[in-house]
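So this block is protein20.txt, compact mmCIF, C-alpha atoms:
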# COMPACT_ATOMS: atom_id res chain seq x y z
CA ASP A 109 31.86 -11.42 22.41
CA ASN A 110 28.78 -11.08 20.22
CA LYS A 111 26.44 -13.06 22.46
CA ARG A 112 23.14 -11.43 23.33
CA LYS A 113 22.26 -10.74 26.92
CA PRO A 114 19.19 -12.54 28.37
CA LYS A 115 17.32 -9.21 28.71
CA GLU A 116 17.97 -8.45 25.05
CA LYS A 117 16.79 -11.91 23.97
CA LEU A 118 13.63 -11.50 26.05
CA ILE A 119 12.75 -8.13 24.50
CA ILE A 120 13.46 -9.35 20.93
CA THR A 121 11.22 -12.38 21.53
CA GLY A 122 8.55 -10.14 23.08
CA VAL A 123 8.57 -7.74 20.12
CA TRP A 124 8.35 -10.62 17.63
CA LEU A 125 5.52 -12.28 19.58
CA PHE A 126 3.52 -9.07 19.90
CA SER A 127 3.93 -8.30 16.18
CA ILE A 128 2.81 -11.77 15.11
CA VAL A 129 -0.14 -11.85 17.53
CA TYR A 130 -1.21 -8.34 16.45
CA MET A 131 -0.90 -9.27 12.76
CA PHE A 132 -3.09 -12.36 13.19
CA GLY A 133 -5.48 -10.29 15.27
CA TYR A 134 -5.82 -7.97 12.29
CA LEU A 135 -6.10 -10.78 9.72
CA TYR A 136 -8.80 -12.59 11.74
CA ASP A 137 -10.48 -9.36 12.84
CA GLN A 138 -9.93 -9.83 16.57
CA PRO A 139 -9.42 -6.88 18.94
CA VAL A 140 -5.91 -7.73 20.22
CA PHE A 141 -4.97 -4.36 21.66
CA PRO A 142 -7.84 -1.88 21.13
CA VAL A 143 -5.79 1.34 21.11
CA THR A 144 -8.21 3.55 19.20
CA GLU A 145 -11.27 2.64 21.27
CA GLY A 146 -9.40 3.35 24.50
CA LEU A 147 -8.03 6.66 23.28
CA LYS A 148 -11.41 7.75 21.97
CA ALA A 149 -13.04 6.93 25.30
CA VAL A 150 -10.52 9.19 27.05
CA PHE A 151 -10.06 12.10 24.63
CA GLU A 152 -13.36 12.48 22.75
CA PRO A 153 -15.31 13.70 25.83
CA ILE A 154 -12.61 16.38 26.31
CA TYR A 155 -13.04 17.58 22.71
CA TYR A 156 -16.84 17.62 22.89
CA GLY A 157 -16.65 19.29 26.29
CA MET A 158 -14.53 22.07 24.82
CA PHE A 159 -16.38 22.63 21.55
CA GLY A 160 -19.80 21.02 22.00
CA GLY A 161 -21.17 18.12 19.99
CA PRO A 162 -22.38 14.56 20.58
CA MET B 280 29.66 4.25 13.83
CA ASN B 281 30.09 7.97 14.37
CA ILE B 282 26.98 9.72 13.05
CA GLN B 283 27.11 13.47 12.56
CA ILE B 284 24.47 15.64 10.95
CA THR B 285 24.55 19.34 10.18
CA LYS B 286 22.02 21.91 11.32
CA LEU B 287 20.94 22.44 7.71
CA GLN B 288 20.13 18.73 7.39
CA LEU B 289 18.13 18.90 10.62
CA ILE B 290 16.13 21.94 9.49
CA MET B 291 15.27 20.21 6.19
CA VAL B 292 13.98 17.12 7.99
CA VAL B 293 11.93 19.32 10.36
CA ILE B 294 10.37 21.20 7.42
CA ASN B 295 9.58 17.93 5.64
CA PHE B 296 8.10 16.50 8.83
CA ILE B 297 5.87 19.56 9.34
CA ILE B 298 4.64 20.11 5.77
CA PHE B 299 3.96 16.61 4.53
CA SER B 300 0.99 14.62 5.72
CA SER B 301 -0.55 17.96 6.70
CA ILE B 302 -0.50 19.86 3.42
CA LEU B 303 -3.24 17.79 1.78
CA MET B 304 -5.50 17.46 4.84
CA ALA B 305 -4.99 20.72 6.79
CA PRO B 306 -7.33 22.89 4.64
CA ALA B 307 -10.29 20.55 5.20
CA ILE B 308 -9.60 20.08 8.92
CA THR B 309 -9.42 23.82 9.62
CA VAL B 310 -12.21 24.94 7.27
CA VAL B 311 -14.78 22.52 8.72
CA SER B 312 -14.95 24.56 11.91
CA ALA B 313 -13.41 27.96 11.08
CA LYS B 314 -14.92 28.40 7.56
CA GLN B 315 -13.18 31.22 5.64
CA ASP B 316 -10.99 31.93 8.69
CA GLY B 317 -9.29 28.55 8.32
CA TRP B 318 -5.98 30.20 7.49
CA ILE B 319 -6.17 32.17 10.77
CA SER B 320 -6.72 28.84 12.56
CA MET B 321 -3.61 27.46 10.90
CA LEU B 322 -1.64 30.56 11.89
CA LEU B 323 -2.89 30.26 15.48
CA ALA B 324 -1.89 26.57 15.54
CA LEU B 325 1.58 27.55 14.28
CA ILE B 326 1.99 30.20 17.00
CA ILE B 327 0.84 27.85 19.79
CA GLY B 328 3.01 25.05 18.36
CA LEU B 329 6.04 27.34 18.33
CA MET B 330 5.42 28.36 21.95
CA LEU B 331 5.13 24.72 23.05
CA ASN B 332 8.33 23.84 21.20
CA VAL B 333 10.20 26.82 22.69
CA LEU B 334 9.56 25.41 26.18
CA TYR B 335 10.51 21.88 25.04
CA LEU B 336 13.78 23.08 23.50
CA PHE B 337 14.58 25.40 26.40
CA LEU B 338 14.43 22.47 28.83
CA PHE B 339 16.29 20.20 26.36
CA LYS B 340 19.07 22.79 26.21
CA LYS B 341 19.49 22.62 30.00
CA TYR B 342 20.74 19.04 29.57
CA ASN B 343 22.99 19.97 26.62
CA TYR B 344 21.00 18.03 24.00
CA PRO B 345 21.50 14.33 24.74
CA SER B 346 19.36 11.62 23.11
CA LEU B 347 15.69 11.90 24.09
CA PHE B 348 15.77 8.36 25.53
CA GLU B 349 18.99 8.91 27.46
CA LEU B 350 17.54 12.15 28.82
CA MET B 351 14.46 10.32 30.15
CA ASN B 352 16.69 7.92 32.09
CA ARG B 353 18.88 10.74 33.33
CA ALA B 354 15.98 12.93 34.44
CA ALA B 355 13.50 10.39 35.80
CA GLY B 356 15.71 7.55 36.99
CA LYS B 357 15.99 4.03 35.62
CA TRP B 358 12.46 2.70 36.14
CA PHE B 359 10.27 5.71 35.43
CA GLY B 360 12.66 6.66 32.63
CA SER B 361 12.15 3.24 31.04
CA VAL B 362 8.36 3.62 31.32
CA MET B 363 8.63 7.00 29.58
CA ASN B 364 10.85 5.48 26.89
CA ILE B 365 8.30 2.71 26.21
CA LEU B 366 5.62 5.41 25.96
CA ILE B 367 7.66 7.44 23.44
CA ILE B 368 8.33 4.27 21.41
CA PHE B 369 4.59 3.53 21.35
CA TYR B 370 3.75 7.08 20.26
CA ALA B 371 6.30 6.91 17.42
CA LEU B 372 4.95 3.51 16.38
CA HIS B 373 1.38 4.82 16.41
CA LEU B 374 2.35 7.88 14.36
CA ALA B 375 4.18 5.72 11.79
CA ALA B 376 1.11 3.48 11.46
CA MET B 377 -1.20 6.49 11.06
CA VAL B 378 1.01 8.03 8.36
CA VAL B 379 1.18 4.71 6.46
CA ARG B 380 -2.62 4.51 6.66
CA ASN B 381 -2.90 8.13 5.51
CA LEU B 382 -0.77 7.32 2.46
CA SER B 383 -2.82 4.27 1.48
CA ASN B 384 -6.11 6.13 2.07
CA PHE B 385 -4.94 8.89 -0.26
CA MET B 386 -3.72 6.49 -2.96
CA VAL B 387 -6.96 4.50 -2.97
CA ALA B 388 -9.27 7.50 -2.69
CA SER B 389 -7.60 9.91 -5.10
CA VAL B 390 -4.75 8.53 -7.20
CA ILE B 391 -5.53 4.92 -8.16
CA PRO B 392 -9.14 4.12 -7.19
CA TYR B 393 -10.13 0.46 -6.64
CA SER B 394 -6.54 -0.60 -6.00
CA HIS B 395 -5.72 -2.52 -2.83
CA PRO B 396 -4.34 -0.46 0.09
CA TRP B 397 -1.96 -3.29 1.11
CA THR B 398 0.06 -2.63 -2.07
CA TYR B 399 1.12 0.83 -0.94
CA GLN B 400 1.43 -0.08 2.72
CA ILE B 401 3.74 -3.06 2.15
CA LEU B 402 5.83 -1.18 -0.43
CA ILE B 403 6.38 1.90 1.76
CA VAL B 404 7.13 -0.19 4.87
CA ALA B 405 9.65 -2.28 2.89
CA VAL B 406 11.44 0.84 1.62
CA VAL B 407 11.43 2.35 5.13
CA ILE B 408 12.94 -0.85 6.59
CA TYR B 409 15.64 -0.80 3.91
CA SER B 410 16.37 2.86 4.68
CA ALA B 411 16.55 2.10 8.41
CA VAL B 412 19.05 -0.72 7.75
CA LEU B 413 21.35 1.91 6.25
CA GLY B 414 21.05 4.06 9.37
CA VAL B 415 20.28 7.57 10.59
CA LYS B 416 22.94 9.30 8.49
CA ASN B 417 21.44 7.77 5.35
CA LEU B 418 18.02 9.30 6.07
CA PHE B 419 19.47 12.79 6.48
CA LEU B 420 21.60 12.46 3.33
CA LEU B 421 18.63 11.15 1.36
CA ASN B 422 16.55 14.08 2.59
CA ASP B 423 19.35 16.38 1.40
CA LEU B 424 18.81 14.98 -2.07
CA VAL B 425 15.01 14.96 -2.24
CA PHE B 426 14.24 18.14 -0.27
CA PRO B 427 14.90 20.65 -3.11
CA ILE B 428 12.82 18.53 -5.52
CA VAL B 429 9.94 18.24 -3.07
CA ILE B 430 9.92 21.94 -2.20
CA PHE B 431 10.18 22.91 -5.88
CA LEU B 432 7.18 20.73 -6.77
CA THR B 433 5.16 22.10 -3.85
CA VAL B 434 5.95 25.76 -4.56
CA VAL B 435 5.28 25.39 -8.31
CA SER B 436 1.95 23.70 -7.51
CA LEU B 437 0.97 26.51 -5.16
CA ILE B 438 1.94 29.18 -7.70
CA LEU B 439 -0.07 27.49 -10.45
CA ILE B 440 -3.27 27.34 -8.40
CA THR B 441 -3.21 31.08 -7.64
CA ARG B 442 -4.76 31.76 -11.07
CA GLU B 443 -8.25 31.02 -9.75
CA PHE B 444 -7.63 32.79 -6.45
CA SER B 445 -10.24 35.29 -5.28
CA PHE B 446 -10.21 37.40 -2.10
CA LEU B 447 -14.01 37.30 -2.09
CA GLU B 448 -13.87 33.72 -0.79
CA LEU B 449 -11.90 34.86 2.27
CA ARG B 450 -14.32 37.56 3.36
CA PRO B 451 -15.59 38.49 5.92
CA VAL B 452 -12.44 37.98 7.99
CA PHE B 453 -12.94 36.94 11.66
CA HIS B 454 -16.59 36.21 10.88
CA SER B 455 -16.49 32.73 12.48
CA GLY B 456 -15.65 34.00 15.95
CA PRO B 457 -12.77 33.09 18.26
CA SER B 458 -14.25 29.78 19.41
CA ALA B 459 -14.54 28.41 15.85
CA ILE B 460 -11.05 29.65 14.98
CA PHE B 461 -9.62 27.92 18.05
CA GLN B 462 -11.51 24.73 17.18
CA GLY B 463 -9.87 24.77 13.75
CA ALA B 464 -6.46 25.40 15.33
CA TYR B 465 -6.97 22.63 17.89
CA ALA B 466 -7.22 19.91 15.24
CA THR B 467 -4.06 21.00 13.41
CA LEU B 468 -2.01 21.65 16.54
CA GLY B 469 -1.25 18.02 17.35
CA PHE B 470 -0.88 17.13 13.72
CA PRO B 471 1.95 18.27 12.99
CA PHE B 472 3.20 20.84 15.56
CA ILE B 473 3.35 18.69 18.71
CA GLU B 474 4.38 15.40 17.10
CA VAL B 475 7.56 17.09 15.82
CA LEU B 476 9.00 16.61 19.33
CA LEU B 477 10.07 13.11 18.21
CA ILE B 478 12.91 14.76 16.27
CA GLY B 479 14.48 15.40 19.69
CA ALA B 480 15.82 11.84 19.39
CA PHE B 481 18.28 13.09 16.72
CA PHE B 482 19.65 16.14 18.57
CA GLN B 483 22.58 14.13 19.90
CA TYR B 484 23.91 13.70 16.34
CA VAL B 485 23.98 17.42 15.45
CA LYS B 486 27.58 18.61 14.95
CA LYS B 487 27.59 22.11 16.44
CA LYS B 488 24.88 22.49 19.02
CA GLU B 489 25.00 26.25 19.60
CA LYS B 490 21.91 27.94 18.12
CA LEU B 491 20.27 24.51 17.66
CA MET B 492 17.12 25.92 19.28
CA LEU B 493 16.90 28.69 16.68
CA THR B 494 17.50 26.20 13.85
CA TYR B 495 14.80 23.82 15.03
CA LEU B 496 12.25 26.58 15.65
CA SER B 497 12.92 28.24 12.30
CA GLY B 498 12.30 24.86 10.65
CA ILE B 499 8.93 24.62 12.39
CA ALA B 500 8.10 28.24 11.47
CA ALA B 501 9.04 27.73 7.80
CA GLY B 502 7.01 24.53 7.53
CA GLY B 503 4.08 26.12 9.35
CA LEU B 504 4.11 29.18 7.08
CA VAL B 505 3.94 26.93 4.01
CA LEU B 506 0.85 25.32 5.55
CA VAL B 507 -0.72 28.71 6.35
CA ILE B 508 -0.12 29.92 2.77
CA THR B 509 -1.53 26.65 1.39
CA VAL B 510 -4.73 26.91 3.44
CA PHE B 511 -5.05 30.61 2.46
CA ILE B 512 -4.70 29.84 -1.27
CA ILE B 513 -6.97 26.78 -1.18
CA ILE B 514 -9.79 28.70 0.56
CA GLY B 515 -9.43 31.59 -1.90
CA ASP B 516 -9.46 29.14 -4.78
CA GLU B 517 -12.32 26.78 -3.98
CA GLY B 518 -14.41 28.48 -1.32
CA THR B 519 -15.22 27.07 2.09
CA TYR B 520 -18.18 24.93 1.04
CA LEU B 521 -16.19 22.74 -1.34
CA VAL B 522 -13.03 22.62 0.78
CA ALA B 523 -14.93 21.43 3.87
CA ARG B 524 -16.57 18.59 1.91
CA GLU B 525 -13.37 17.05 0.56
CA THR B 526 -10.84 14.82 2.30
CA TYR B 527 -7.87 16.09 0.26
CA PRO B 528 -8.89 19.55 -1.02
CA THR B 529 -5.34 20.55 -2.04
CA TYR B 530 -5.22 17.64 -4.46
CA SER B 531 -8.69 18.42 -5.83
CA VAL B 532 -7.75 22.06 -6.46
CA MET B 533 -4.64 20.91 -8.31
CA ARG B 534 -6.85 18.93 -10.71
CA ASP B 535 -8.41 22.17 -11.94
CA ILE B 536 -5.11 23.65 -13.13
CA ASP B 537 -5.49 24.54 -16.78
CA PHE B 538 -2.50 26.66 -17.62
CA VAL B 539 -1.78 26.60 -21.34
CA THR B 540 -2.49 23.16 -22.85
CA VAL B 541 0.77 21.74 -21.55
CA PHE B 542 -0.09 22.14 -17.86
CA GLU B 543 -3.15 19.98 -17.37
CA ARG B 544 -3.76 17.25 -14.80
CA ILE B 545 -0.43 17.83 -13.10
CA GLU B 546 -1.81 17.13 -9.62
CA ILE B 547 0.30 13.98 -9.49
CA LEU B 548 3.38 16.22 -9.06
CA LEU B 549 2.08 17.32 -5.66
CA ALA B 550 1.17 13.70 -4.88
CA ILE B 551 4.75 12.62 -5.64
CA ALA B 552 6.13 15.39 -3.41
CA TRP B 553 3.67 14.33 -0.71
CA MET B 554 4.67 10.66 -0.95
CA ILE B 555 8.38 11.51 -0.68
CA GLY B 556 7.62 13.73 2.32
CA LEU B 557 5.59 10.95 3.94
CA PHE B 558 8.42 8.51 3.36
CA VAL B 559 10.78 10.81 5.30
CA LYS B 560 8.21 11.17 8.09
CA ILE B 561 7.65 7.40 8.39
CA CYS B 562 11.43 6.89 8.34
CA VAL B 563 11.89 9.37 11.20
CA CYS B 564 9.22 7.61 13.29
CA PHE B 565 10.64 4.18 12.45
CA LEU B 566 14.16 5.22 13.42
CA VAL B 567 12.89 6.73 16.69
CA VAL B 568 11.29 3.34 17.49
CA MET B 569 14.53 1.54 16.58
CA MET B 570 16.70 3.89 18.65
CA GLY B 571 14.31 3.55 21.58
CA LEU B 572 14.37 -0.25 21.50
CA LYS B 573 18.16 -0.21 21.12
CA HIS B 574 18.45 2.08 24.14
CA LEU B 575 15.96 0.04 26.16
CA THR B 576 17.78 -3.26 25.63
CA GLY B 577 21.26 -1.77 25.71
CA SER B 578 22.14 -3.68 22.56
CA LYS B 579 24.71 -2.62 19.97
CA THR B 580 22.36 -2.71 16.99
CA TYR B 581 18.66 -2.35 16.27
CA ARG B 582 18.63 -4.83 13.37
CA PRO B 583 16.73 -7.64 15.19
CA TYR B 584 13.71 -5.30 15.53
CA LEU B 585 13.45 -4.15 11.91
CA ILE B 586 11.19 -6.89 10.55
CA PRO B 587 8.84 -7.31 13.56
CA ILE B 588 8.32 -3.55 13.89
CA GLY B 589 7.70 -3.32 10.12
CA ILE B 590 5.04 -6.04 10.42
CA LEU B 591 3.54 -4.29 13.45
CA ILE B 592 3.32 -0.92 11.66
CA TRP B 593 1.62 -2.55 8.67
CA ALA B 594 -0.88 -4.42 10.89
CA MET B 595 -1.54 -1.35 13.06
CA SER B 596 -2.12 0.89 10.05
CA ASN B 597 -4.99 -1.39 9.01
CA HIS B 598 -6.30 -2.46 12.38
CA LEU B 599 -6.46 0.89 14.19
CA HIS B 600 -9.26 2.30 12.04
CA LYS B 601 -11.84 0.37 10.07
CA THR B 602 -12.86 3.24 7.81
CA VAL B 603 -11.49 6.51 6.43
CA MET B 604 -14.22 8.40 8.29
CA ASP B 605 -13.18 6.83 11.59
CA PHE B 606 -9.57 7.80 10.83
CA SER B 607 -10.47 11.45 10.06
CA ASN B 608 -12.75 11.68 13.08
CA PHE B 609 -10.04 10.35 15.40
CA VAL B 610 -7.46 12.81 14.03
CA THR B 611 -9.86 15.73 14.47
CA THR B 612 -11.16 14.94 17.95
CA SER B 613 -8.49 12.98 19.83
CA TRP B 614 -5.06 13.32 18.19
CA THR B 615 -4.10 16.75 19.59
CA MET B 616 -4.96 15.96 23.21
CA TYR B 617 -3.33 12.53 22.86
CA TRP B 618 -0.01 14.10 21.82
CA PHE B 619 -0.40 16.97 24.26
CA THR B 620 -0.50 14.34 27.04
CA LEU B 621 2.91 13.03 25.95
CA TYR B 622 4.21 16.59 25.66
CA CYS B 623 3.11 17.38 29.24
CA LEU B 624 4.65 14.15 30.56
CA ILE B 625 7.99 14.90 28.87
CA ILE B 626 8.02 18.48 30.19
CA LEU B 627 7.18 17.15 33.67
CA VAL B 628 10.08 14.67 33.50
CA PHE B 629 12.44 17.45 32.35
CA LEU B 630 11.39 19.59 35.33
CA ILE B 631 11.73 16.68 37.79
CA GLY B 632 15.23 16.06 36.46
CA LEU B 633 16.22 19.71 36.86
CA ILE B 634 14.90 19.81 40.46
CA ARG B 635 16.78 16.57 41.27
CA ASN B 636 19.99 17.97 39.78
CA LYS B 637 19.65 21.13 41.85
CA GLN B 638 19.06 19.15 45.05
CA THR B 639 22.07 16.89 44.49
CA SER B 640 24.32 19.88 43.76
CA LEU B 641 23.05 21.62 46.92
CA ASN B 642 23.64 18.49 49.02
CA SER B 643 27.14 18.02 47.68
Could you write out this file's structure as structure tokens?
Amino acid sequence: DNKRKPKEKLIITGVWLFSIVYMFGYLYDQPVFPVTEGLKAVFEPIYYGMFGGP
Amino acid sequence: MNIQITKLQLIMVVINFIIFSSILMAPAITVVSAKQDGWISMLLALIIGLMLNVLYLFLFKKYNYPSLFELMNRAAGKWFGSVMNILIIFYALHLAAMVVRNLSNFMVASVIPYSHPWTYQILIVAVVIYSAVLGVKNLFLLNDLVFPIVIFLTVVSLILITREFSFLELRPVFHSGPSAIFQGAYATLGFPFIEVLLIGAFFQYVKKKEKLMLTYLSGIAAGGLVLVITVFIIIGDEGTYLVARETYPTYSVMRDIDFVTVFERIEILLAIAWMIGLFVKICVCFLVVMMGLKHLTGSKTYRPYLIPIGILIWAMSNHLHKTVMDFSNFVTTSWTMYWFTLYCLIILVFLIGLIRNKQTSLNS
């Protein structure tokens, strides 16, 4: 039995969808999932708090 | 398929993972804050990194080295374990994208100026996907083949640049003060000493698991010492002012090699070693993502995810940072704490699992 389970199908579809949406977000310069901005907002104040700076 | 890797193969992948992607950038990152004490910063980062990894391995050993993803489920239960697994997959994906971007930045800035970064990104992602199709065992066997070549090229490069070395550039020692030295160590701690925890996903495949902790830690120590020696030589060769101004000072120093007429402009040898090392690192991250998705879905193979994850890594490598400066700034200020967060979460899950195990054994 090589049939895929529904959960597996759902995750494969989700991964494909996210990849395609993210790729078009990059190609059309749209912030799909602003990882860097979020991480900077969290971690940069810690760095500047420890060592000084802007 | 029954995959088995030896401890020697594991140690070689760990050394490759530690040295490459750091060897060209580490001197600049440490020297910016620690000046001529940059090599002390690197040594401090190595010591702290080793201590963090000792704790990680000690707790891993308590579970008898299962897969990292399986361990999360076992220690934290089904739901929280799955959340942790998704987090680890995201971290591995992010690291792969950053390394791909690092490679294309380097190629465009130093090796072939005015070329398009997509060329290198698409090529490396395609080769990584092909390598992942062939499986985990293939990566370790391939690393068996390329590791001696890569290390030979790196060591020869380092020996050749010692001709211009001067101890004057390294004095006065400890002049920068402990705060500056720690600031230099902070930036190089996450990149590469904490991110090496991803290799925990391959522990399940190691043949004989006794003394695995010693093997893994000696790999980190060997890779870290190569980085310390590199930073030491580069500072002694170029001086802090020039090193701090360049993005890839190791490569720039290599350009100045003029050793008999035959040995001129051989910096590309180090670049080739670096690219091979980066390929192994991207492959490790890619396989961790694949193994995580396979574990998460409970499927028999990870092949359906190869192409979409390849596309995602390529898009992320371009979309995460608009400029090289933004990339460098993010690595310096946020990368260490970002990875330290994952490290703390994993350690917390390990401890929760141990407490739960103790309670169930007491109850029974």
Expected answer as number ranges by chain: all residues with atoms within 12 Å of (-15.2, 14.9, 2.1), only C-alpha atoms: B: 304, 306-308, 310-311, 388-389, 520-528, 531, 603-604, 607-608
Shell of 10 Å around His600 of chain B, only C-alpha atoms, local chain residues under 2 positions omitted, as a list of chain:residue names: A:Val143, A:Thr144, A:Glu145, B:Met377, B:Arg380, B:Met595, B:Ser596, B:Asn597, B:His598, B:Thr602, B:Val603, B:Met604, B:Asp605, B:Phe606, B:Ser607, B:Phe609
Using all atoms listed in the file, which residues of chain B come within 10 Å of chain A, and what is the closest atom pair for each, with the distance in Å to one decimal? Give it as CSV, sorted by chain and residue number.
residue,atom,partner,partner_atom,distance
B:Ser312,CA,A:Phe159,CA,9.9
B:His373,CA,A:Val143,CA,9.3
B:Ser458,CA,A:Phe159,CA,7.8
B:Ala459,CA,A:Phe159,CA,8.3
B:Phe461,CA,A:Phe159,CA,9.3
B:Gln462,CA,A:Phe159,CA,6.9
B:Tyr465,CA,A:Tyr155,CA,9.3
B:Ala466,CA,A:Tyr155,CA,9.8
B:Leu572,CA,A:Ile119,CA,8.6
B:Lys573,CA,A:Glu116,CA,9.1
B:Leu575,CA,A:Glu116,CA,8.8
B:Thr576,CA,A:Glu116,CA,5.2
B:Gly577,CA,A:Glu116,CA,7.5
B:Ser578,CA,A:Glu116,CA,6.8
B:Lys579,CA,A:Asn110,CA,9.4
B:Tyr581,CA,A:Ile120,CA,9.9
B:Pro583,CA,A:Ile120,CA,6.8
B:Tyr584,CA,A:Ile120,CA,6.8
B:Ile586,CA,A:Trp124,CA,8.5
B:Pro587,CA,A:Trp124,CA,5.3
B:Ile588,CA,A:Ser127,CA,6.9
B:Gly589,CA,A:Ser127,CA,8.7
B:Ile590,CA,A:Ser127,CA,6.3
B:Leu591,CA,A:Ser127,CA,4.9
B:Ile592,CA,A:Ser127,CA,8.7
B:Trp593,CA,A:Met131,CA,8.3
B:Ala594,CA,A:Met131,CA,5.2
B:Met595,CA,A:Tyr130,CA,7.8
B:Ser596,CA,A:Tyr134,CA,9.9
B:Asn597,CA,A:Tyr134,CA,7.4
B:His598,CA,A:Tyr134,CA,5.5
B:Leu599,CA,A:Thr144,CA,5.9
B:His600,CA,A:Thr144,CA,7.3
B:Asp605,CA,A:Thr144,CA,9.7
B:Phe606,CA,A:Thr144,CA,9.5
B:Asn608,CA,A:Glu152,CA,9.7
B:Phe609,CA,A:Lys148,CA,7.2
B:Thr611,CA,A:Tyr155,CA,9.0
B:Thr612,CA,A:Tyr155,CA,5.8
B:Ser613,CA,A:Phe151,CA,5.1
B:Trp614,CA,A:Phe151,CA,8.2
B:Thr615,CA,A:Phe151,CA,9.1
B:Met616,CA,A:Phe151,CA,6.6
B:Tyr617,CA,A:Phe151,CA,7.0
Atom CA of Glu474 of chain B to atom CA of Lys357 of chain B, straight-line distance in Å: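 Those two atoms sit 24.6 Å apart.
Residue nearest Met492 of chain B within the list B:Leu432, B:Ile408, B:Leu336, B:Leu289: B:Leu336 [criterion: smallest interatomic distance, only C-alpha atoms].
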Shell of 8 Å around Val568 of chain B, only C-alpha atoms, local chain residues under 5 positions omitted, as a list in words: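 Within the cut-off, the hits are Ile368, Phe369, Ala371 and Leu372 of chain B.
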Distance in Å - atom CA of Thr540 of chain B versus atom CA of Pro427 of chain B: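 Atom CA of Pro427 of chain B lies at a distance of 26.4 Å from atom CA of Thr540 of chain B.
A straight line drawn from atom CA of Gly414 of chain B to atom CA of Gly469 of chain B is 27.5 Å long.
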Contacts of segment 511-519 of chain B at 9 Å (only C-alpha atoms; same-chain gap of 3+ positions) as a ChimeraX atom specification: /B:306-307,310-311,314-319,437,440-449,506-508,522-524,528-529,532
Selection: 9 Å around Thr494 of chain B, only C-alpha atoms, excl. self and same-chain fewer than 4 positions, as a ChimeraX atom specification: /B:286-287,289-290,490,498-499
Sphere at (17.7, 15.3, 20.6), radius 12 Å, counting all atoms listed in the file: residues as a PyMOL selection string: chain B and resi 284+289+335-336+338-340+342-351+475-486+488+491-492+495+567+570
